[in-house]
$ cat work.json   # JSON, C-alpha atoms
[["chain", "number", "residue", "atom", "x", "y", "z"],
["A", 13, "ALA", "CA", 45.90, 47.23, 144.99],
["A", 14, "ARG", "CA", 46.58, 49.36, 141.94],
["A", 15, "ASP", "CA", 46.56, 46.31, 139.65],
["A", 16, "ASP", "CA", 43.28, 45.12, 141.16],
["A", 17, "VAL", "CA", 41.60, 48.49, 140.59],
["A", 18, "LEU", "CA", 43.09, 48.71, 137.09],
["A", 19, "GLY", "CA", 41.86, 45.23, 136.19],
["A", 20, "ARG", "CA", 38.33, 45.80, 137.46],
["A", 21, "LEU", "CA", 37.94, 49.16, 135.72],
["A", 22, "ARG", "CA", 39.42, 47.81, 132.48],
["A", 23, "GLU", "CA", 37.01, 44.85, 132.59],
["A", 24, "ALA", "CA", 34.05, 47.17, 133.17],
["A", 25, "ILE", "CA", 35.00, 49.24, 130.11],
["A", 26, "LEU", "CA", 35.83, 46.32, 127.83],
["A", 27, "SER", "CA", 32.66, 44.44, 128.79],
["A", 28, "GLY", "CA", 30.53, 47.49, 128.01],
["A", 29, "ARG", "CA", 29.26, 48.06, 131.54],
["A", 30, "ILE", "CA", 30.88, 51.47, 131.16],
["A", 31, "ARG", "CA", 30.30, 52.56, 127.57],
["A", 32, "PRO", "CA", 32.51, 54.86, 125.44],
["A", 33, "GLY", "CA", 31.72, 58.47, 126.31],
["A", 34, "GLU", "CA", 30.27, 57.56, 129.71],
["A", 35, "ARG", "CA", 31.68, 59.33, 132.75],
["A", 36, "LEU", "CA", 33.27, 57.18, 135.44],
["A", 37, "PRO", "CA", 32.13, 57.74, 139.03],
["A", 38, "GLY", "CA", 34.04, 60.41, 140.96],
["A", 39, "GLU", "CA", 37.27, 59.65, 142.80],
["A", 40, "ARG", "CA", 35.60, 59.54, 146.21],
["A", 41, "GLN", "CA", 33.04, 56.98, 145.02],
["A", 42, "LEU", "CA", 35.67, 54.84, 143.33],
["A", 43, "CYS", "CA", 37.92, 54.91, 146.38],
["A", 44, "GLU", "CA", 35.04, 53.76, 148.56],
["A", 45, "ARG", "CA", 34.01, 51.08, 146.07],
["A", 46, "PHE", "CA", 37.50, 49.59, 145.80],
["A", 47, "GLY", "CA", 38.67, 50.30, 149.34],
["A", 48, "VAL", "CA", 41.79, 52.17, 148.25],
["A", 49, "GLY", "CA", 43.27, 55.63, 148.74],
["A", 50, "ARG", "CA", 43.37, 58.36, 146.12],
["A", 51, "PRO", "CA", 47.05, 57.82, 145.20],
["A", 52, "THR", "CA", 46.34, 54.17, 144.32],
["A", 53, "LEU", "CA", 43.23, 55.07, 142.36],
["A", 54, "ARG", "CA", 45.00, 57.82, 140.44],
["A", 55, "GLU", "CA", 47.80, 55.43, 139.45],
["A", 56, "ALA", "CA", 45.19, 53.06, 138.02],
["A", 57, "LEU", "CA", 43.45, 55.90, 136.16],
["A", 58, "ARG", "CA", 46.77, 57.08, 134.70],
["A", 59, "SER", "CA", 47.41, 53.57, 133.37],
["A", 60, "LEU", "CA", 43.95, 53.46, 131.77],
["A", 61, "GLU", "CA", 44.55, 56.87, 130.21],
["A", 62, "ALA", "CA", 47.93, 55.77, 128.83],
["A", 63, "THR", "CA", 46.31, 52.81, 127.07],
["A", 64, "GLY", "CA", 43.53, 54.95, 125.64],
["A", 65, "LEU", "CA", 40.70, 53.33, 127.60],
["A", 66, "ILE", "CA", 39.78, 56.58, 129.33],
["A", 67, "GLU", "CA", 40.26, 60.26, 128.66],
["A", 68, "VAL", "CA", 40.53, 62.82, 131.44],
["A", 69, "ARG", "CA", 38.67, 66.05, 130.75],
["A", 70, "PRO", "CA", 39.54, 69.14, 132.81],
["A", 71, "GLY", "CA", 37.30, 71.95, 134.00],
["A", 72, "LYS", "CA", 33.65, 72.09, 134.88],
["A", 73, "GLY", "CA", 31.92, 68.88, 133.90],
["A", 74, "GLY", "CA", 35.31, 67.23, 133.63],
["A", 75, "GLY", "CA", 36.40, 63.89, 134.99],
["A", 76, "SER", "CA", 37.33, 60.49, 133.62],
["A", 77, "TYR", "CA", 35.38, 59.24, 130.60],
["A", 78, "ALA", "CA", 35.51, 55.84, 128.92],
["A", 79, "ALA", "CA", 37.04, 56.06, 125.45],
["A", 80, "THR", "CA", 37.67, 53.94, 122.38],
["A", 81, "PRO", "CA", 41.42, 53.47, 121.81],
["A", 82, "SER", "CA", 42.67, 54.78, 118.47],
["A", 83, "GLU", "CA", 45.05, 53.09, 116.05],
["A", 84, "ALA", "CA", 47.74, 55.52, 117.23],
["A", 85, "THR", "CA", 47.40, 54.15, 120.78],
["A", 86, "VAL", "CA", 48.14, 50.66, 119.52],
["A", 87, "GLY", "CA", 51.03, 52.03, 117.49],
["A", 88, "ASP", "CA", 52.54, 53.92, 120.43],
["A", 89, "ALA", "CA", 52.39, 50.81, 122.61],
["A", 90, "LEU", "CA", 54.03, 48.68, 119.93],
["A", 91, "ALA", "CA", 56.74, 51.25, 119.22],
["A", 92, "ALA", "CA", 57.55, 51.43, 122.94],
["A", 93, "LEU", "CA", 57.74, 47.62, 123.09],
["A", 94, "VAL", "CA", 60.12, 47.53, 120.13],
["A", 95, "HIS", "CA", 62.40, 50.13, 121.72],
["A", 96, "LEU", "CA", 62.32, 48.90, 125.30],
["A", 97, "ARG", "CA", 62.72, 45.22, 124.40],
["A", 98, "GLY", "CA", 65.53, 46.01, 122.00],
["A", 99, "ALA", "CA", 64.21, 44.59, 118.72],
["A", 100, "SER", "CA", 66.94, 44.92, 116.11],
["A", 101, "PRO", "CA", 66.61, 46.47, 112.65],
["A", 102, "GLU", "CA", 66.83, 42.90, 111.34],
["A", 103, "ASP", "CA", 63.85, 41.89, 113.52],
["A", 104, "LEU", "CA", 61.82, 44.78, 112.08],
["A", 105, "ALA", "CA", 62.82, 43.96, 108.52],
["A", 106, "GLU", "CA", 61.97, 40.27, 108.97],
["A", 107, "PHE", "CA", 58.51, 41.06, 110.36],
["A", 108, "ARG", "CA", 57.77, 43.58, 107.61],
["A", 109, "VAL", "CA", 58.41, 41.04, 104.80],
["A", 110, "ASP", "CA", 55.12, 39.22, 105.38],
["A", 111, "PHE", "CA", 53.23, 42.06, 107.04],
["A", 112, "GLU", "CA", 53.70, 44.59, 104.23],
["A", 113, "GLY", "CA", 52.92, 42.00, 101.55],
["A", 114, "GLU", "CA", 49.69, 41.06, 103.29],
["A", 115, "ASN", "CA", 48.78, 44.75, 103.64],
["A", 116, "ALA", "CA", 49.20, 45.16, 99.89],
["A", 117, "ALA", "CA", 46.97, 42.14, 99.25],
["A", 118, "TRP", "CA", 44.19, 43.44, 101.50],
["A", 119, "ALA", "CA", 44.54, 46.94, 100.07],
["A", 120, "ALA", "CA", 44.10, 45.52, 96.57],
["A", 121, "ARG", "CA", 40.74, 44.15, 97.73],
["A", 122, "ARG", "CA", 39.55, 47.19, 99.68],
["A", 123, "ALA", "CA", 41.31, 50.40, 98.62],
["A", 124, "GLU", "CA", 39.04, 53.28, 97.68],
["A", 125, "ALA", "CA", 39.76, 56.02, 95.16],
["A", 126, "LYS", "CA", 41.00, 58.36, 97.91],
["A", 127, "ASP", "CA", 43.46, 55.71, 99.12],
["A", 128, "ILE", "CA", 44.87, 55.21, 95.61],
["A", 129, "ALA", "CA", 45.16, 58.99, 95.17],
["A", 130, "ALA", "CA", 47.07, 59.30, 98.46],
["A", 131, "LEU", "CA", 49.47, 56.50, 97.48],
["A", 132, "GLU", "CA", 50.04, 58.09, 94.06],
["A", 133, "GLU", "CA", 50.75, 61.48, 95.64],
["A", 134, "LEU", "CA", 53.43, 59.94, 97.84],
["A", 135, "VAL", "CA", 54.96, 58.19, 94.83],
["A", 136, "ALA", "CA", 55.16, 61.57, 93.08],
["A", 137, "GLN", "CA", 56.85, 63.10, 96.12],
["A", 138, "ALA", "CA", 59.40, 60.27, 96.19],
["A", 139, "ARG", "CA", 60.14, 60.72, 92.49],
["A", 140, "THR", "CA", 60.77, 64.44, 92.98],
["A", 141, "LEU", "CA", 63.15, 63.73, 95.86],
["A", 142, "ALA", "CA", 64.99, 61.06, 93.86],
["A", 143, "GLU", "CA", 66.10, 63.74, 91.40],
["A", 144, "ARG", "CA", 68.04, 65.53, 94.14],
["A", 145, "PRO", "CA", 71.42, 64.46, 95.51],
["A", 146, "GLY", "CA", 71.67, 63.19, 99.08],
["A", 147, "ALA", "CA", 67.94, 62.55, 99.36],
["A", 148, "ALA", "CA", 68.05, 59.05, 100.87],
["A", 149, "ARG", "CA", 66.75, 60.01, 104.29],
["A", 150, "ARG", "CA", 63.96, 62.17, 102.88],
["A", 151, "ILE", "CA", 62.91, 59.39, 100.51],
["A", 152, "ALA", "CA", 62.95, 56.94, 103.43],
["A", 153, "ARG", "CA", 60.48, 59.16, 105.29],
["A", 154, "VAL", "CA", 58.16, 59.34, 102.29],
["A", 155, "ASP", "CA", 58.50, 55.56, 101.97],
["A", 156, "VAL", "CA", 57.35, 55.14, 105.58],
["A", 157, "ARG", "CA", 54.36, 57.44, 104.98],
["A", 158, "TRP", "CA", 53.48, 55.39, 101.87],
["A", 159, "HIS", "CA", 53.47, 52.18, 103.90],
["A", 160, "GLU", "CA", 51.27, 53.78, 106.57],
["A", 161, "THR", "CA", 48.88, 54.90, 103.85],
["A", 162, "LEU", "CA", 48.93, 51.36, 102.47],
["A", 163, "ALA", "CA", 47.92, 50.04, 105.89],
["A", 164, "ARG", "CA", 45.05, 52.53, 106.09],
["A", 165, "ALA", "CA", 43.85, 51.31, 102.68],
["A", 166, "THR", "CA", 43.30, 47.84, 104.17],
["A", 167, "GLY", "CA", 40.52, 49.25, 106.38],
["A", 168, "ASN", "CA", 41.78, 47.01, 109.20],
["A", 169, "ARG", "CA", 42.34, 48.93, 112.45],
["A", 170, "LEU", "CA", 44.76, 46.32, 113.79],
["A", 171, "ARG", "CA", 46.90, 46.54, 110.68],
["A", 172, "ILE", "CA", 46.84, 50.34, 110.86],
["A", 173, "GLY", "CA", 47.88, 50.33, 114.52],
["A", 174, "ILE", "CA", 50.67, 47.82, 113.97],
["A", 175, "ALA", "CA", 51.92, 49.75, 110.94],
["A", 176, "LEU", "CA", 52.05, 53.00, 112.92],
["A", 177, "GLY", "CA", 54.07, 51.29, 115.65],
["A", 178, "ILE", "CA", 56.47, 49.60, 113.27],
["A", 179, "HIS", "CA", 57.06, 52.71, 111.19],
["A", 180, "ASP", "CA", 57.54, 54.89, 114.26],
["A", 181, "ALA", "CA", 60.30, 52.49, 115.23],
["A", 182, "VAL", "CA", 61.74, 52.61, 111.69],
["A", 183, "LEU", "CA", 61.81, 56.42, 111.69],
["A", 184, "ARG", "CA", 63.41, 56.57, 115.13],
["A", 185, "ARG", "CA", 66.13, 54.25, 113.87],
["A", 186, "ASN", "CA", 66.48, 56.02, 110.57],
["A", 187, "ASP", "CA", 70.18, 56.78, 111.09],
["A", 188, "ALA", "CA", 70.86, 53.11, 111.73],
["A", 189, "LEU", "CA", 68.74, 51.90, 108.80],
["A", 190, "VAL", "CA", 69.80, 54.43, 106.15],
["A", 191, "ARG", "CA", 73.55, 54.53, 105.60],
["A", 192, "PRO", "CA", 74.72, 57.66, 103.78],
["A", 193, "ALA", "CA", 77.65, 55.99, 102.00],
["A", 194, "ALA", "CA", 75.66, 53.59, 99.82],
["A", 195, "SER", "CA", 72.07, 54.62, 100.42],
["A", 196, "ASP", "CA", 71.45, 57.06, 97.56],
["A", 197, "ALA", "CA", 71.88, 54.40, 94.86],
["A", 198, "HIS", "CA", 69.22, 52.27, 96.57],
["A", 199, "ALA", "CA", 66.95, 55.17, 97.48],
["A", 200, "VAL", "CA", 66.44, 56.28, 93.89],
["A", 201, "THR", "CA", 64.94, 52.85, 93.09],
["A", 202, "ILE", "CA", 62.26, 53.18, 95.80],
["A", 203, "PRO", "CA", 59.83, 55.41, 93.79],
["A", 204, "ASP", "CA", 59.65, 52.86, 90.96],
["A", 205, "ASP", "CA", 58.96, 50.05, 93.43],
["A", 206, "LEU", "CA", 56.22, 52.04, 95.17],
["A", 207, "ALA", "CA", 54.71, 53.03, 91.82],
["A", 208, "ALA", "CA", 54.55, 49.40, 90.68],
["A", 209, "ILE", "CA", 52.81, 48.28, 93.86],
["A", 210, "THR", "CA", 50.42, 51.24, 93.70],
["A", 211, "ARG", "CA", 49.44, 50.32, 90.12],
["A", 212, "ALA", "CA", 48.83, 46.72, 91.16],
["A", 213, "ILE", "CA", 46.64, 47.78, 94.10],
["A", 214, "ALA", "CA", 44.66, 50.15, 91.85],
["A", 215, "ALA", "CA", 44.11, 47.21, 89.47],
["A", 216, "GLY", "CA", 42.94, 44.99, 92.33],
["A", 217, "ASP", "CA", 45.91, 42.68, 91.77]]
$ encode --input "work.json" --output "C-alpha coordinates"
Amino acid sequence: ARDDVLGRLREAILSGRIRPGERLPGERQLCERFGVGRPTLREALRSLEATGLIEVRPGKGGGSYAATPSEATVGDALAALVHLRGASPEDLAEFRVDFEGENAAWAARRAEAKDIAALEELVAQARTLAERPGAARRIARVDVRWHETLARATGNRLRIGIALGIHDAVLRRNDALVRPAASDAHAVTIPDDLAAITRAIAAGD
(Lines of atoms letter the chains of each structure in order from A and count residues from 1; the text may use other names and numbers.)
(Lines give C-alpha, C1' and ligand atoms only; values in the text may rest on other atoms or scores of the structure.)
Protein backbone atom coordinates (compact mmCIF):
# COMPACT_ATOMS: atom_id res chain seq x y z
CA ALA A 1 0.00 0.00 0.00
CA ARG A 2 2.81 2.39 0.85
CA ASP A 3 4.54 1.73 -2.48
CA ASP A 4 1.30 2.29 -4.36
CA VAL A 5 0.70 5.65 -2.65
CA LEU A 6 4.35 6.62 -3.14
CA GLY A 7 4.25 5.74 -6.84
CA ARG A 8 1.03 7.64 -7.52
CA LEU A 9 2.15 10.78 -5.68
CA ARG A 10 5.59 10.67 -7.32
CA GLU A 11 3.96 10.35 -10.76
CA ALA A 12 1.65 13.29 -10.05
CA ILE A 13 4.63 15.48 -9.13
CA LEU A 14 6.90 14.35 -11.96
CA SER A 15 4.14 14.72 -14.55
CA GLY A 16 3.42 18.27 -13.39
CA ARG A 17 -0.11 17.63 -12.16
CA ILE A 18 1.23 18.85 -8.84
CA ARG A 19 3.65 21.68 -9.61
CA PRO A 20 6.71 22.75 -7.56
CA GLY A 21 5.56 24.97 -4.71
CA GLU A 22 2.01 23.62 -4.80
CA ARG A 23 0.56 22.26 -1.57
CA LEU A 24 -0.53 18.64 -1.52
CA PRO A 25 -4.03 17.87 -0.22
CA GLY A 26 -4.30 17.31 3.54
CA GLU A 27 -3.69 13.93 5.12
CA ARG A 28 -7.38 13.18 5.57
CA GLN A 29 -8.09 13.84 1.89
CA LEU A 30 -5.13 11.77 0.74
CA CYS A 31 -6.07 8.87 3.00
CA GLU A 32 -9.59 8.87 1.59
CA ARG A 33 -8.33 9.16 -1.98
CA PHE A 34 -5.93 6.24 -1.68
CA GLY A 35 -7.92 4.15 0.79
CA VAL A 36 -5.09 3.88 3.31
CA GLY A 37 -4.51 4.79 6.95
CA ARG A 38 -2.40 7.68 8.18
CA PRO A 39 0.64 5.54 9.09
CA THR A 40 0.85 4.23 5.51
CA LEU A 41 0.40 7.69 4.04
CA ARG A 42 3.02 9.20 6.32
CA GLU A 43 5.55 6.53 5.31
CA ALA A 44 4.99 7.45 1.66
CA LEU A 45 5.35 11.17 2.42
CA ARG A 46 8.59 10.56 4.34
CA SER A 47 10.00 8.72 1.31
CA LEU A 48 9.04 11.61 -0.99
CA GLU A 49 10.65 14.06 1.42
CA ALA A 50 13.86 12.00 1.57
CA THR A 51 14.17 12.11 -2.22
CA GLY A 52 13.54 15.85 -2.34
CA LEU A 53 10.21 15.65 -4.19
CA ILE A 54 8.31 17.30 -1.35
CA GLU A 55 9.16 19.55 1.56
CA VAL A 56 7.20 19.51 4.80
CA ARG A 57 6.58 22.96 6.27
CA PRO A 58 5.55 23.23 9.93
CA GLY A 59 3.23 25.71 11.60
CA LYS A 60 0.24 27.63 10.36
CA GLY A 61 -0.12 27.27 6.63
CA GLY A 62 2.22 24.31 6.76
CA GLY A 63 1.84 20.94 5.12
CA SER A 64 3.47 19.01 2.30
CA TYR A 65 4.56 20.99 -0.76
CA ALA A 66 5.93 19.72 -4.07
CA ALA A 67 9.58 20.64 -4.51
CA THR A 68 12.34 20.53 -7.10
CA PRO A 69 15.15 18.20 -5.97
CA SER A 70 18.54 19.89 -5.63
CA GLU A 71 21.91 18.61 -6.81
CA ALA A 72 22.71 17.80 -3.17
CA THR A 73 19.74 15.41 -3.06
CA VAL A 74 21.16 13.48 -6.00
CA GLY A 75 24.57 13.53 -4.34
CA ASP A 76 23.26 12.25 -1.01
CA ALA A 77 21.46 9.37 -2.73
CA LEU A 78 24.56 8.43 -4.71
CA ALA A 79 26.84 8.64 -1.68
CA ALA A 80 24.47 6.37 0.27
CA LEU A 81 24.46 3.90 -2.63
CA VAL A 82 28.25 3.85 -2.74
CA HIS A 83 28.48 3.19 1.00
CA LEU A 84 25.65 0.70 1.35
CA ARG A 85 26.58 -1.30 -1.76
CA GLY A 86 30.22 -1.37 -0.75
CA ALA A 87 31.91 0.25 -3.75
CA SER A 88 35.66 0.07 -3.23
CA PRO A 89 38.14 2.95 -3.47
CA GLU A 90 39.27 1.32 -6.72
CA ASP A 91 35.69 1.48 -8.07
CA LEU A 92 35.53 5.19 -7.25
CA ALA A 93 38.93 5.88 -8.81
CA GLU A 94 38.01 3.97 -11.99
CA PHE A 95 34.75 5.89 -12.42
CA ARG A 96 36.43 9.25 -11.80
CA VAL A 97 39.00 8.74 -14.61
CA ASP A 98 36.45 9.40 -17.36
CA PHE A 99 33.99 11.45 -15.32
CA GLU A 100 36.48 14.09 -14.16
CA GLY A 101 38.04 14.37 -17.62
CA GLU A 102 34.64 14.94 -19.19
CA ASN A 103 33.82 17.53 -16.53
CA ALA A 104 36.99 19.41 -17.44
CA ALA A 105 36.06 19.30 -21.13
CA TRP A 106 32.57 20.69 -20.51
CA ALA A 107 33.91 23.29 -18.09
CA ALA A 108 36.34 24.47 -20.78
CA ARG A 109 33.30 25.15 -22.98
CA ARG A 110 31.06 26.73 -20.35
CA ALA A 111 33.02 28.10 -17.38
CA GLU A 112 32.32 31.71 -16.48
CA ALA A 113 34.75 34.17 -14.92
CA LYS A 114 33.42 33.43 -11.42
CA ASP A 115 34.03 29.70 -11.95
CA ILE A 116 37.63 30.29 -13.04
CA ALA A 117 38.18 32.59 -10.05
CA ALA A 118 36.84 29.94 -7.66
CA LEU A 119 39.10 27.26 -9.18
CA GLU A 120 42.12 29.57 -8.95
CA GLU A 121 41.37 30.38 -5.30
CA LEU A 122 41.35 26.67 -4.45
CA VAL A 123 44.64 26.19 -6.30
CA ALA A 124 46.14 28.98 -4.18
CA GLN A 125 44.87 27.31 -1.01
CA ALA A 126 46.41 23.99 -2.07
CA ARG A 127 49.75 25.67 -2.79
CA THR A 128 49.79 27.25 0.67
CA LEU A 129 49.07 23.90 2.30
CA ALA A 130 51.76 22.16 0.24
CA GLU A 131 54.39 24.32 1.96
CA ARG A 132 53.51 22.80 5.33
CA PRO A 133 54.58 19.37 6.56
CA GLY A 134 51.96 16.66 7.03
CA ALA A 135 49.39 18.45 4.90
CA ALA A 136 48.26 15.52 2.73
CA ARG A 137 44.79 15.18 4.22
CA ARG A 138 44.13 18.93 4.12
CA ILE A 139 45.29 19.11 0.50
CA ALA A 140 43.03 16.14 -0.32
CA ARG A 141 40.04 18.07 1.03
CA VAL A 142 40.90 21.13 -1.05
CA ASP A 143 41.34 18.82 -4.04
CA VAL A 144 37.81 17.46 -3.51
CA ARG A 145 36.40 21.00 -3.29
CA TRP A 146 38.24 21.89 -6.52
CA HIS A 147 36.64 18.94 -8.32
CA GLU A 148 33.19 19.93 -7.02
CA THR A 149 33.78 23.46 -8.28
CA LEU A 150 34.86 22.00 -11.61
CA ALA A 151 31.57 20.11 -11.83
CA ARG A 152 29.62 23.29 -11.08
CA ALA A 153 31.49 25.02 -13.92
CA THR A 154 29.96 22.53 -16.37
CA GLY A 155 26.50 23.99 -15.68
CA ASN A 156 25.10 20.45 -15.81
CA ARG A 157 22.96 19.61 -12.77
CA LEU A 158 23.43 15.87 -13.22
CA ARG A 159 27.19 16.24 -13.25
CA ILE A 160 27.04 18.46 -10.18
CA GLY A 161 24.86 15.97 -8.30
CA ILE A 162 27.04 13.00 -9.23
CA ALA A 163 30.19 14.91 -8.27
CA LEU A 164 28.76 15.78 -4.86
CA GLY A 165 27.91 12.12 -4.24
CA ILE A 166 31.27 10.81 -5.40
CA HIS A 167 33.27 13.36 -3.44
CA ASP A 168 31.21 12.83 -0.30
CA ALA A 169 32.19 9.18 -0.58
CA VAL A 170 35.84 10.14 -1.18
CA LEU A 171 35.91 12.38 1.91
CA ARG A 172 34.26 9.75 4.09
CA ARG A 173 36.94 7.30 3.01
CA ASN A 174 39.74 9.80 3.31
CA ASP A 175 41.68 7.70 5.82
CA ALA A 176 41.58 4.75 3.45
CA LEU A 177 42.51 6.82 0.38
CA VAL A 178 45.25 9.01 1.87
CA ARG A 179 48.05 7.01 3.48
CA PRO A 180 50.22 9.08 5.81
CA ALA A 181 53.43 7.15 5.15
CA ALA A 182 53.85 8.04 1.47
CA SER A 183 51.13 10.59 0.88
CA ASP A 184 52.96 13.89 1.44
CA ALA A 185 55.30 13.38 -1.52
CA HIS A 186 52.28 12.89 -3.80
CA ALA A 187 50.16 15.59 -2.18
CA VAL A 188 52.63 18.38 -2.90
CA THR A 189 52.27 17.65 -6.65
CA ILE A 190 48.48 18.16 -6.58
CA PRO A 191 48.51 22.01 -6.68
CA ASP A 192 50.57 22.02 -9.90
CA ASP A 193 48.20 19.53 -11.51
CA LEU A 194 45.13 21.55 -10.51
CA ALA A 195 46.78 24.77 -11.70
CA ALA A 196 47.54 23.26 -15.12
CA ILE A 197 43.96 22.07 -15.60
CA THR A 198 42.59 25.42 -14.39
CA ARG A 199 44.74 27.27 -16.95
CA ALA A 200 43.52 24.97 -19.72
CA ILE A 201 39.87 25.49 -18.75
CA ALA A 202 40.37 29.27 -18.63
CA ALA A 203 41.85 29.05 -22.15
CA GLY A 204 38.88 27.00 -23.36
CA ASP A 205 41.18 24.06 -24.06
$ atom_distance --input "work.json" --atom1 "atom CA of A:Pro32" --atom2 "atom CA of A:Ile172"
20.9 Å
$ atom_distance --input "work.json" --atom1 "atom CA of A:Val200" --atom2 "atom CA of A:Arg122"
29.0 Å
$ residues_around --input "work.json" --residues "A:Arg14" --least-positions-apart "4" --cutoff "8 Å" --atoms "only C-alpha atoms" --output "list in words"
Leu18, Thr52, Leu53, Glu55 and Ala56 of chain A
$ residues_around --input "work.json" --residues "A:Ser76" --least-positions-apart "6" --cutoff "7 Å" --atoms "all atoms listed in the file" --output "ChimeraX atom specification"
/A:35-36,66-69
$ closest_residue --input "work.json" --among "A:Ala119, A:Val109, A:Leu26, A:Val17" --to "A:Ala78" --atoms "all atoms listed in the file"
A:Leu26
$ atom_distance --input "work.json" --atom1 "atom CA of A:Pro101" --atom2 "atom CA of A:Ala62"
26.4 Å
$ residues_around --input "work.json" --residues "A:Glu160" --least-positions-apart "5" --cutoff "8 Å" --atoms "only C-alpha atoms" --output "VMD selection string"
chain A and resid 172 175 to 176 179
$ closest_residue --input "work.json" --among "A:Gly167, A:Gly64, A:Gly49, A:Gly28" --to "A:Trp118" --atoms "only C-alpha atoms"
A:Gly167
$ closest_residue --input "work.json" --among "A:Pro145, A:Arg54, A:Ser82, A:Asp16" --to "A:Ile174" --atoms "all atoms listed in the file"
A:Ser82
$ residues_around --input "work.json" --residues "A:Asp217" --least-positions-apart "6" --cutoff "12 Å" --atoms "all atoms listed in the file" --output "PDB file with C-alpha atoms, in the coordinates of the input"
ATOM      1  CA  ALA A 116      49.200  45.160  99.890  1.00  0.00           C
ATOM      2  CA  ALA A 117      46.970  42.140  99.250  1.00  0.00           C
ATOM      3  CA  TRP A 118      44.190  43.440 101.500  1.00  0.00           C
ATOM      4  CA  ALA A 119      44.540  46.940 100.070  1.00  0.00           C
ATOM      5  CA  ALA A 120      44.100  45.520  96.570  1.00  0.00           C
ATOM      6  CA  ARG A 121      40.740  44.150  97.730  1.00  0.00           C
ATOM      7  CA  ARG A 122      39.550  47.190  99.680  1.00  0.00           C
ATOM      8  CA  ALA A 123      41.310  50.400  98.620  1.00  0.00           C
ATOM      9  CA  ALA A 208      54.550  49.400  90.680  1.00  0.00           C
ATOM     10  CA  ILE A 209      52.810  48.280  93.860  1.00  0.00           C
ATOM     11  CA  THR A 210      50.420  51.240  93.700  1.00  0.00           C
ATOM     12  CA  ARG A 211      49.440  50.320  90.120  1.00  0.00           C
TER      13      ARG A 211
END
$ closest_residue --input "work.json" --among "A:Ala148, A:Ala13, A:Leu65, A:Ile30" --to "A:Val48" --atoms "all atoms listed in the file"
A:Ala13
$ residues_around --input "work.json" --residues "A:Ala207" --least-positions-apart "6" --cutoff "10 Å" --atoms "all atoms listed in the file" --output "list in words"
Leu131, Glu132, Leu134, Val135, Ala136, Ala138, Arg139 and Ile213 of chain A
$ axis_aligned_box --input "work.json" --around "stretch 142-146 of chain A" --padding-each-side "5 Å" --output "lines of an AutoDock Vina configuration file"
center_x = 68.3
center_y = 63.3
center_z = 95.2
size_x = 16.7
size_y = 14.5
size_z = 17.7
$ residues_near_point --input "work.json" --point "(59.6, 56.1, 97.9)" --cutoff "10 Å" --atoms "all atoms listed in the file" --output "ChimeraX atom specification"
/A:134-142,148,150-159,199-207
$ write_last_selection --input "work.json" --atoms "C-alpha atoms" --output "PDB file, in the coordinates of the input"
ATOM      1  CA  LEU A 134      53.430  59.940  97.840  1.00  0.00           C
ATOM      2  CA  VAL A 135      54.960  58.190  94.830  1.00  0.00           C
ATOM      3  CA  ALA A 136      55.160  61.570  93.080  1.00  0.00           C
ATOM      4  CA  GLN A 137      56.850  63.100  96.120  1.00  0.00           C
ATOM      5  CA  ALA A 138      59.400  60.270  96.190  1.00  0.00           C
ATOM      6  CA  ARG A 139      60.140  60.720  92.490  1.00  0.00           C
ATOM      7  CA  THR A 140      60.770  64.440  92.980  1.00  0.00           C
ATOM      8  CA  LEU A 141      63.150  63.730  95.860  1.00  0.00           C
ATOM      9  CA  ALA A 142      64.990  61.060  93.860  1.00  0.00           C
ATOM     10  CA  ALA A 148      68.050  59.050 100.870  1.00  0.00           C
ATOM     11  CA  ARG A 150      63.960  62.170 102.880  1.00  0.00           C
ATOM     12  CA  ILE A 151      62.910  59.390 100.510  1.00  0.00           C
ATOM     13  CA  ALA A 152      62.950  56.940 103.430  1.00  0.00           C
ATOM     14  CA  ARG A 153      60.480  59.160 105.290  1.00  0.00           C
ATOM     15  CA  VAL A 154      58.160  59.340 102.290  1.00  0.00           C
ATOM     16  CA  ASP A 155      58.500  55.560 101.970  1.00  0.00           C
ATOM     17  CA  VAL A 156      57.350  55.140 105.580  1.00  0.00           C
ATOM     18  CA  ARG A 157      54.360  57.440 104.980  1.00  0.00           C
ATOM     19  CA  TRP A 158      53.480  55.390 101.870  1.00  0.00           C
ATOM     20  CA  HIS A 159      53.470  52.180 103.900  1.00  0.00           C
ATOM     21  CA  ALA A 199      66.950  55.170  97.480  1.00  0.00           C
ATOM     22  CA  VAL A 200      66.440  56.280  93.890  1.00  0.00           C
ATOM     23  CA  THR A 201      64.940  52.850  93.090  1.00  0.00           C
ATOM     24  CA  ILE A 202      62.260  53.180  95.800  1.00  0.00           C
ATOM     25  CA  PRO A 203      59.830  55.410  93.790  1.00  0.00           C
ATOM     26  CA  ASP A 204      59.650  52.860  90.960  1.00  0.00           C
ATOM     27  CA  ASP A 205      58.960  50.050  93.430  1.00  0.00           C
ATOM     28  CA  LEU A 206      56.220  52.040  95.170  1.00  0.00           C
ATOM     29  CA  ALA A 207      54.710  53.030  91.820  1.00  0.00           C
TER      30      ALA A 207
END
